[in-house]
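Enquirer: Sharing protein.txt (compact mmCIF, C-alpha atoms and all ligand atoms) below.
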```
# COMPACT_ATOMS: atom_id res chain seq x y z
CA MET A 297 0.00 0.00 0.00
CA ASP A 298 1.17 3.56 -0.68
CA ILE A 299 1.17 5.85 2.32
CA LEU A 300 0.86 9.41 1.08
CA SER A 301 1.92 12.05 3.54
CA LEU A 302 1.75 15.80 3.69
CA GLN A 303 5.16 17.28 4.43
CA ASN A 304 4.43 18.09 8.07
CA ALA A 305 3.54 14.48 8.92
CA LEU A 306 6.60 12.77 7.46
CA ASP A 307 7.97 12.04 10.94
CA LEU A 308 4.79 10.05 11.72
CA ALA A 309 4.84 8.46 8.27
CA ALA A 310 8.29 7.00 8.99
CA ASP A 311 6.70 4.83 11.69
CA LEU A 312 4.18 3.49 9.15
CA GLU A 313 6.88 2.57 6.64
CA PRO A 314 6.83 -1.16 7.49
CA LEU A 315 3.21 -1.28 6.27
CA GLY A 316 3.74 0.38 2.91
CA THR A 317 5.77 2.78 0.82
CA VAL A 318 5.77 6.33 2.11
CA LYS A 319 5.41 8.92 -0.63
CA GLN A 320 5.36 12.64 -0.02
CA ILE A 321 2.50 14.70 -1.45
CA GLU A 322 3.83 17.77 -3.28
CA GLU A 323 2.55 21.05 -1.85
CA LYS A 324 2.63 24.57 -3.19
CA VAL A 325 1.32 27.93 -1.99
CA PHE A 326 0.65 30.55 -4.66
CA PRO A 327 1.46 34.24 -4.04
CA ASP A 328 -2.25 34.93 -3.44
CA GLY A 329 -2.43 32.29 -0.71
CA GLU A 330 -4.17 29.57 -2.68
CA VAL A 331 -2.71 26.11 -2.21
CA LEU A 332 -2.10 23.19 -4.56
CA THR A 333 -1.08 19.59 -4.01
CA ARG A 334 0.13 16.91 -6.39
CA ILE A 335 -0.05 13.16 -5.95
CA PRO A 336 3.20 11.29 -6.61
CA GLN A 337 3.13 9.20 -9.80
CA ASP A 338 2.08 5.55 -9.88
CA VAL A 339 0.02 5.34 -6.72
CA GLY A 340 -1.98 2.18 -6.19
CA LEU A 341 -5.76 1.91 -6.06
CA GLU A 342 -5.78 1.59 -2.27
CA VAL A 343 -3.86 4.20 -0.31
CA ALA A 344 -3.46 5.68 3.14
CA VAL A 345 -3.29 9.46 3.41
CA LEU A 346 -1.61 10.95 6.45
CA ALA A 347 -2.19 14.59 7.30
CA ARG A 348 -1.22 16.59 10.36
CA LEU A 349 -3.83 19.31 10.14
CA TYR A 350 -2.56 21.49 12.98
CA PRO A 351 -1.12 24.13 12.93
CA ASP A 352 -2.33 26.10 9.91
CA VAL A 353 -5.59 24.16 10.07
CA ASN A 354 -7.54 25.89 7.32
CA ASN A 355 -4.79 25.66 4.70
CA ASN A 356 -4.08 22.05 5.62
CA LEU A 357 -7.75 21.15 5.38
CA VAL A 358 -7.93 22.58 1.86
CA LYS A 359 -4.73 20.72 0.91
CA LEU A 360 -6.32 17.53 2.16
CA MET A 361 -9.55 18.10 0.21
CA LEU A 362 -7.60 18.79 -2.97
CA THR A 363 -5.53 15.66 -2.44
CA LEU A 364 -8.56 13.46 -1.82
CA ASP A 365 -10.29 14.82 -4.90
CA ALA A 366 -7.19 14.23 -7.04
CA LEU A 367 -7.00 10.65 -5.75
CA SER A 368 -10.66 10.14 -6.56
CA ASP A 369 -10.04 11.46 -10.10
CA LEU A 370 -7.19 8.97 -10.44
CA GLY A 371 -9.63 6.16 -9.75
CA VAL A 372 -8.42 5.33 -6.25
CA ARG A 373 -11.12 3.14 -4.73
CA LYS A 374 -10.17 3.01 -1.10
CA ILE A 375 -8.57 5.67 1.06
CA ILE A 376 -7.65 5.19 4.68
CA LEU A 377 -7.34 8.64 6.15
CA ILE A 378 -5.01 9.20 9.09
CA ILE A 379 -5.56 12.49 10.92
CA PRO A 380 -3.86 12.31 14.33
CA TYR A 381 -5.57 15.46 15.63
CA LEU A 382 -8.98 16.10 14.12
CA PRO A 383 -9.60 19.86 14.17
CA TYR A 384 -13.00 21.55 14.40
CA ALA A 385 -14.14 18.69 16.62
CA ARG A 386 -14.89 20.92 19.59
CA GLN A 387 -17.86 22.41 17.74
CA ASP A 388 -19.63 19.08 18.11
CA ARG A 389 -23.01 20.71 18.66
CA ARG A 390 -24.83 23.89 17.70
CA PHE A 391 -24.14 25.86 20.85
CA ARG A 392 -25.92 29.02 19.68
CA PRO A 393 -28.64 29.36 17.03
CA GLY A 394 -27.21 30.12 13.60
CA GLU A 395 -23.87 28.40 14.21
CA PRO A 396 -22.78 25.42 12.13
CA ILE A 397 -21.89 22.08 13.67
CA SER A 398 -18.36 22.42 12.37
CA SER A 399 -17.32 18.85 13.14
CA LYS A 400 -20.24 17.67 10.99
CA THR A 401 -19.21 20.01 8.18
CA VAL A 402 -15.65 18.68 8.18
CA LEU A 403 -16.65 15.03 8.42
CA ARG A 404 -19.24 15.40 5.67
CA MET A 405 -16.64 16.97 3.39
CA LEU A 406 -14.19 14.15 4.09
CA SER A 407 -16.81 11.48 3.56
CA SER A 408 -17.72 12.87 0.14
CA PHE A 409 -14.50 11.22 -1.13
CA PRO A 410 -13.84 7.46 -1.28
CA VAL A 411 -12.64 7.40 2.34
CA SER A 412 -13.37 4.04 3.93
CA ALA A 413 -11.79 4.65 7.34
CA LEU A 414 -10.56 7.54 9.42
CA LEU A 415 -7.87 6.80 12.00
CA THR A 416 -7.57 9.46 14.63
CA LEU A 417 -6.41 9.94 18.17
CA ASP A 418 -8.56 11.05 21.05
CA VAL A 419 -11.24 12.89 19.11
CA HIS A 420 -12.97 15.49 21.28
CA LYS A 421 -16.31 13.66 21.31
CA PRO A 422 -16.33 10.15 19.81
CA TYR A 423 -20.02 10.41 18.91
CA ILE A 424 -19.23 12.79 16.04
CA ALA A 425 -18.43 9.63 14.05
CA ASP A 426 -22.21 9.55 13.49
CA TYR A 427 -21.82 12.59 11.22
CA ALA A 428 -19.99 10.42 8.67
CA PRO A 429 -21.83 7.09 8.78
CA ARG A 430 -20.13 5.69 5.66
CA VAL A 431 -16.66 6.19 7.15
CA SER A 432 -15.49 3.88 9.87
CA MET A 433 -13.87 6.09 12.50
CA ILE A 434 -11.17 4.43 14.57
CA ASN A 435 -10.45 6.58 17.58
CA MET A 436 -7.43 5.59 19.64
CA TYR A 437 -6.55 6.81 23.11
CA PRO A 438 -3.03 6.45 24.52
CA ALA A 439 -4.16 5.43 28.02
CA SER A 440 -1.27 2.99 28.61
CA GLU A 441 1.32 5.41 27.25
CA PHE A 442 0.06 8.13 29.60
CA ALA A 443 -0.30 5.76 32.54
CA GLU A 444 3.28 4.52 32.36
CA ARG A 445 4.52 8.12 32.55
CA ILE A 446 2.41 9.09 35.57
CA SER A 447 2.77 5.90 37.58
CA GLY A 448 2.47 6.49 41.30
CA VAL A 449 -0.56 8.79 41.13
CA ASP A 450 -3.42 8.03 43.51
CA LEU A 451 -6.27 9.63 41.58
CA VAL A 452 -7.06 10.65 38.00
CA ILE A 453 -9.19 13.75 37.45
CA SER A 454 -11.14 14.89 34.42
CA PRO A 455 -11.52 18.70 34.33
CA ASP A 456 -15.12 18.26 33.11
CA PHE A 457 -17.73 15.57 32.79
CA GLY A 458 -17.23 15.33 29.01
CA SER A 459 -13.70 14.07 29.49
CA ILE A 460 -14.51 11.46 32.11
CA HIS A 461 -13.97 8.53 29.72
CA ARG A 462 -10.31 9.60 29.46
CA ALA A 463 -9.89 9.68 33.25
CA GLU A 464 -11.59 6.30 33.49
CA ALA A 465 -9.30 4.76 30.84
CA VAL A 466 -6.08 5.99 32.45
CA ALA A 467 -7.26 5.16 35.99
CA LYS A 468 -8.12 1.64 34.86
CA VAL A 469 -4.58 1.03 33.58
CA LEU A 470 -3.13 2.44 36.81
CA GLY A 471 -5.61 0.57 39.04
CA VAL A 472 -6.63 3.79 40.85
CA THR A 473 -9.85 5.79 41.19
CA TYR A 474 -11.02 8.71 39.10
CA THR A 475 -13.29 11.70 39.45
CA TYR A 476 -14.30 14.84 37.59
CA PHE A 477 -14.86 18.53 38.10
CA GLU A 478 -17.80 20.41 36.68
CA LYS A 479 -16.99 23.04 34.07
CA TYR A 480 -19.23 25.67 32.53
CA ARG A 481 -18.13 27.71 29.51
CA ASP A 482 -19.81 31.00 28.64
CA ARG A 483 -20.40 30.58 24.92
CA GLU A 484 -20.38 34.37 24.34
CA THR A 485 -17.18 35.24 26.19
CA GLY A 486 -15.47 31.83 26.28
CA SER A 487 -14.81 32.24 30.02
CA ILE A 488 -14.74 29.10 32.14
CA THR A 489 -16.14 28.42 35.60
CA LEU A 490 -14.92 25.29 37.30
CA ILE A 491 -16.74 23.72 40.23
CA PRO A 492 -14.59 21.26 42.15
CA ARG A 493 -16.17 18.27 43.81
CA HIS A 494 -15.68 17.95 47.52
CA ASP A 495 -16.71 14.32 47.85
CA VAL A 496 -13.27 12.97 46.94
CA ASP A 497 -10.47 13.37 49.44
CA MET A 498 -7.43 14.79 47.65
CA ARG A 499 -5.44 15.72 50.74
CA GLY A 500 -1.82 14.70 50.38
CA LYS A 501 -2.57 12.81 47.17
CA LYS A 502 -0.64 12.72 43.94
CA VAL A 503 -3.20 13.36 41.22
CA ALA A 504 -3.19 13.49 37.42
CA ILE A 505 -5.50 15.60 35.28
CA VAL A 506 -6.26 14.24 31.83
CA ASP A 507 -7.81 16.10 28.92
CA ASP A 508 -7.88 15.96 25.14
CA ILE A 509 -6.77 19.52 24.31
CA LEU A 510 -4.56 22.05 25.99
CA SER A 511 -5.29 25.25 24.15
CA THR A 512 -4.83 28.40 26.27
CA GLY A 513 -4.26 26.33 29.42
CA GLY A 514 -7.23 27.84 31.27
CA THR A 515 -9.08 24.58 31.84
CA LEU A 516 -6.03 22.63 32.94
CA VAL A 517 -4.66 25.25 35.27
CA ASP A 518 -8.06 25.99 36.86
CA ALA A 519 -8.38 22.26 37.50
CA CYS A 520 -4.84 22.12 38.88
CA ARG A 521 -5.47 25.02 41.27
CA ALA A 522 -8.73 23.45 42.40
CA ALA A 523 -6.96 20.15 43.08
CA LYS A 524 -4.21 21.88 45.05
CA THR A 525 -6.78 23.92 47.00
CA LEU A 526 -8.43 20.62 47.91
CA GLY A 527 -5.08 19.41 49.24
CA ALA A 528 -3.43 17.54 46.33
CA SER A 529 0.32 17.47 46.94
CA VAL A 530 1.43 16.84 43.35
CA VAL A 531 -0.47 17.45 40.12
CA PHE A 532 0.56 15.80 36.87
CA ALA A 533 -1.23 16.39 33.57
CA ALA A 534 -1.57 14.15 30.53
CA VAL A 535 -3.07 15.87 27.51
CA THR A 536 -3.30 14.41 24.02
CA HIS A 537 -3.25 17.51 21.80
CA CYS A 538 -1.21 20.38 23.22
CA GLN A 539 -1.57 23.61 21.28
CA LEU A 540 -0.05 25.70 24.09
CA LEU A 541 -1.42 29.03 22.86
CA LYS A 542 -0.97 32.53 24.30
CA ASN A 543 0.66 32.30 27.73
CA ALA A 544 -0.28 28.66 28.25
CA ARG A 545 3.33 27.66 28.97
CA ASP A 546 3.60 30.13 31.85
CA LYS A 547 0.23 29.03 33.19
CA VAL A 548 1.27 25.38 33.08
CA LYS A 549 4.53 26.12 34.91
CA SER A 550 2.64 28.05 37.59
CA CYS A 551 0.81 24.93 38.83
CA ILE A 552 1.42 21.66 36.97
CA ASP A 553 4.30 19.56 38.32
CA LYS A 554 4.70 17.51 35.15
CA LEU A 555 2.98 17.77 31.77
CA ILE A 556 2.91 14.97 29.21
CA CYS A 557 1.60 15.50 25.69
CA THR A 558 1.65 13.46 22.50
CA ASP A 559 3.23 14.43 19.19
CA THR A 560 -0.05 14.80 17.28
CA ILE A 561 0.92 18.46 17.69
CA LEU A 562 4.66 18.98 17.97
CA ASN A 563 5.82 20.69 21.16
CA GLU A 564 8.49 20.34 23.84
CA TYR A 565 6.21 18.21 26.08
CA ALA A 566 5.42 15.64 23.34
CA GLU A 567 6.78 12.56 25.08
CA VAL A 568 4.21 10.10 23.74
CA LYS A 569 4.99 9.08 20.16
CA THR A 570 1.83 8.39 18.19
CA GLY A 571 3.48 6.81 15.13
CA PRO A 572 3.55 3.31 16.71
CA ILE A 573 -0.08 3.68 17.86
CA LEU A 574 -1.16 4.66 14.34
CA ARG A 575 0.83 1.76 12.88
CA THR A 576 -0.94 -0.78 15.10
CA ALA A 577 -4.34 0.62 14.14
CA LEU A 578 -3.50 0.74 10.43
CA GLN A 579 -2.17 -2.81 10.48
CA LYS A 580 -5.53 -4.05 11.74
CA LEU A 581 -7.22 -2.51 8.69
CA LEU A 582 -4.94 -4.12 6.12
C1 LIG A 601 -12.91 21.42 25.98
O1 LIG A 601 -13.99 20.88 26.20
C2 LIG A 601 -11.65 20.66 25.81
O2 LIG A 601 -11.79 19.33 26.23
C3 LIG A 601 -10.50 21.32 26.54
O3 LIG A 601 -10.72 21.24 27.93
C4 LIG A 601 -10.36 22.76 26.14
O4 LIG A 601 -10.38 22.88 24.75
C5 LIG A 601 -9.08 23.35 26.67
O5 LIG A 601 -9.01 24.69 26.29
P1 LIG A 601 -8.19 25.72 27.14
O6 LIG A 601 -6.81 25.17 27.31
O7 LIG A 601 -8.20 26.98 26.31
O8 LIG A 601 -8.91 25.90 28.43
```
Mind turning the file's structure into structure tokens?
Ligand code: R5P
Expert:
Amino acid sequence: MDILSLQNALDLAADLEPLGTVKQIEEKVFPDGEVLTRIPQDVGLEVAVLARLYPDVNNNLVKLMLTLDALSDLGVRKIILIIPYLPYARQDRRFRPGEPISSKTVLRMLSSFPVSALLTLDVHKPYIADYAPRVSMINMYPASEFAERISGVDLVISPDFGSIHRAEAVAKVLGVTYTYFEKYRDRETGSITLIPRHDVDMRGKKVAIVDDILSTGGTLVDACRAAKTLGASVVFAAVTHCQLLKNARDKVKSCIDKLICTDTILNEYAEVKTGPILRTALQKLL
């Protein structure tokens, strides 16, 4: 099988090499900002396409659409799409009248091409797979990889109820308990209010907060402060997609004792390598 990769995912593609031949997709940006891609010659009729869509999400999404359409024109019958971090997934619902459900928009666009499967890591809400019923979404979560790096913690915390399945998965590997805080986001201003739970004793405990995205760091650091206020002695954090925007790095350093991220988005905390995880998932599809 040919594994076609956008330039910014070649490091991940190298880990998939045993399963096929990695070929780089040519990319070009015109002076007016429009983008163009070109499929390498002689691709087979079944291919995997690997795209790291973050950063520069909008340009990368267009590059991906152009690539998928070119493959379709070439008569490719089966495309396995590998998108380690699926952007636009946080708009999984229509929060205010008149807004789109952006995750649906993106998945519908992707499923208009001959995409049979979408491999991704820790999608914000797994149920968005329903927006692309013809595409089989395989959503992996690096629970073991996180757990081995935070061994010794007594409790795993989700910063909101929506992330509780992550806390549960990591806690299960560690053999410890888990809990969650309650988080409310003002959809107009984006501001967050976090309500800690007082029914779990955190005094003197080593805890780990798990989440899918670290964007500005507000959620994680509010949760960290709440845990420390409730008596936690050490707070680790394991986050899958670390964007680390604005002053997130300073915020993290002000409270978190150790942060672990994956390399779906490249950053200095990206200890967990996702290439091997993607390879295992891809192998199962071949
Ligand atoms: C939201 O529901 C996500 O799971 C993350 O908690 C959120 O995107 C993190 O954003 P920030 O770092 O800006 O608080």
Enquirer: Can you build me a table of chain A residues sitting at most 9 Å from ligand LIG 601 (chain A), with the closest atom pair per residue and its distance in Å to one decimal, using all atoms listed in the file, sorted by chain and residue number, as a tab-separated table?
Expert:
```
residue	atom	partner	partner_atom	distance
A:Arg386	CA	A:LIG601	O1	6.7
A:His420	CA	A:LIG601	O2	6.4
A:Lys421	CA	A:LIG601	O2	8.8
A:Pro455	CA	A:LIG601	O3	6.9
A:Asp456	CA	A:LIG601	O3	7.4
A:Gly458	CA	A:LIG601	O1	7.0
A:Ser459	CA	A:LIG601	O2	6.5
A:Lys479	CA	A:LIG601	O1	8.7
A:Arg481	CA	A:LIG601	O1	8.6
A:Gly486	CA	A:LIG601	O7	8.7
A:Ser487	CA	A:LIG601	O8	8.8
A:Ile488	CA	A:LIG601	O8	7.6
A:Asp507	CA	A:LIG601	O2	5.8
A:Asp508	CA	A:LIG601	O2	5.3
A:Ile509	CA	A:LIG601	C3	4.7
A:Leu510	CA	A:LIG601	O6	4.1
A:Ser511	CA	A:LIG601	O6	3.5
A:Thr512	CA	A:LIG601	O7	3.7
A:Gly513	CA	A:LIG601	O6	3.5
A:Gly514	CA	A:LIG601	O8	3.8
A:Thr515	CA	A:LIG601	O8	3.7
A:Leu516	CA	A:LIG601	O6	6.2
A:Val517	CA	A:LIG601	O8	8.1
A:Asp518	CA	A:LIG601	O8	8.5
A:Cys538	CA	A:LIG601	O6	8.4
A:Gln539	CA	A:LIG601	O6	8.1
A:Leu540	CA	A:LIG601	O6	7.5
A:Leu541	CA	A:LIG601	O7	7.9
A:Ala544	CA	A:LIG601	O6	7.5
```
Enquirer: With only C-alpha atoms as the basis for distance, which of A:Gly394, A:Pro383, A:Gly448, A:Pro438 is at the shortest distance from Val419 in chain A?
Expert: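 Comparing A:Gly394, A:Pro383, A:Gly448, A:Pro438 against Val419 in chain A, the winner is A:Pro383.
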Enquirer: What residues have an atom no more than 12 Å from (-21.1, 9.4, 8.9) in the file's own frame, counting all atoms listed in the file, and can you write them as a ChimeraX atom specification?
Expert: /A:399-408,411-414,422-433
Enquirer: Which range 458-493 of chain A residues have any atom within 10 Å of an atom of range 440-445 of chain A, and for each, what is the nearest pair of atoms with distance in Å to one decimal, counting all atoms listed in the file, rows sorted by chain and number, as JSON lines?
Expert:
```
{"residue": "A:Ala465", "atom": "CA", "partner": "A:Ser440", "partner_atom": "CA", "distance": 8.5}
{"residue": "A:Val466", "atom": "CA", "partner": "A:Ala443", "partner_atom": "CA", "distance": 5.8}
{"residue": "A:Ala467", "atom": "CA", "partner": "A:Ala443", "partner_atom": "CA", "distance": 7.8}
{"residue": "A:Lys468", "atom": "CA", "partner": "A:Ala443", "partner_atom": "CA", "distance": 9.1}
{"residue": "A:Val469", "atom": "CA", "partner": "A:Ser440", "partner_atom": "CA", "distance": 6.3}
{"residue": "A:Leu470", "atom": "CA", "partner": "A:Ala443", "partner_atom": "CA", "distance": 6.1}
{"residue": "A:Gly471", "atom": "CA", "partner": "A:Ala443", "partner_atom": "CA", "distance": 9.9}
```
Enquirer: Using only C-alpha atoms, which residue out of A:Asp311, A:Glu564, A:Glu478, A:Asp418 lies closest to Ser454 in chain A?
Expert: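 Counting only C-alpha atoms, the residue closest to Ser454 in chain A is A:Glu478.
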Enquirer: Leaving out Asp338 in chain A and any residue of its chain fewer than 6 positions from it, which residues lie within 12 Å of it when counting all atoms listed in the file, given as a list in words?
Expert: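 Listing them by chain and then by number gives Met297, Asp298, Leu300, Thr317, Lys319, Leu367, Leu370, Gly371 and Val372 of chain A.
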Enquirer: From the set A:Val318, A:Ala522, A:Ile375, A:Ile561, which residue has the shortest atom-to-atom contact distance to Tyr350 in chain A, counting all atoms listed in the file?
Expert: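 Smallest distance to Tyr350 in chain A is found for A:Ile561.
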Enquirer: By how many Å are CA of Pro336 in chain A and CA of Ile379 in chain A apart?
Expert: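 That distance, rounded to one decimal, is 19.6 Å.
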Enquirer: Identify, on the basis of all atoms listed in the file, every residue whose closest approach to Leu306 in chain A does not exceed 12 Å; exclude the query and any residue fewer than 3 positions from it along the same chain; express the result as a tab-separated table (two decimals) with C-alpha atoms, in the frame of the given file.
Expert:
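File written: result.tsv
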```tsv
chain	number	residue	atom	x	y	z
A	299	ILE	CA	1.17	5.85	2.32
A	300	LEU	CA	0.86	9.41	1.08
A	301	SER	CA	1.92	12.05	3.54
A	302	LEU	CA	1.75	15.80	3.69
A	303	GLN	CA	5.16	17.28	4.43
A	309	ALA	CA	4.84	8.46	8.27
A	310	ALA	CA	8.29	7.00	8.99
A	311	ASP	CA	6.70	4.83	11.69
A	312	LEU	CA	4.18	3.49	9.15
A	313	GLU	CA	6.88	2.57	6.64
A	318	VAL	CA	5.77	6.33	2.11
A	319	LYS	CA	5.41	8.92	-0.63
A	320	GLN	CA	5.36	12.64	-0.02
A	321	ILE	CA	2.50	14.70	-1.45
A	345	VAL	CA	-3.29	9.46	3.41
A	346	LEU	CA	-1.61	10.95	6.45
A	347	ALA	CA	-2.19	14.59	7.30
A	348	ARG	CA	-1.22	16.59	10.36
A	571	GLY	CA	3.48	6.81	15.13
```
Enquirer: Which distance in Å separates CA of Leu332 in chain A and CA of Pro314 in chain A, to one decimal?
Expert: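 Distance reported for this atom pair: 28.6 Å.
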Enquirer: With distances taken over all atoms listed in the file, which residue among A:Ala366, A:Leu360, A:Ile376, A:Leu581 lies nearest Gln337 in chain A?
Expert: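 Counting all atoms listed in the file, the residue closest to Gln337 in chain A is A:Ala366.
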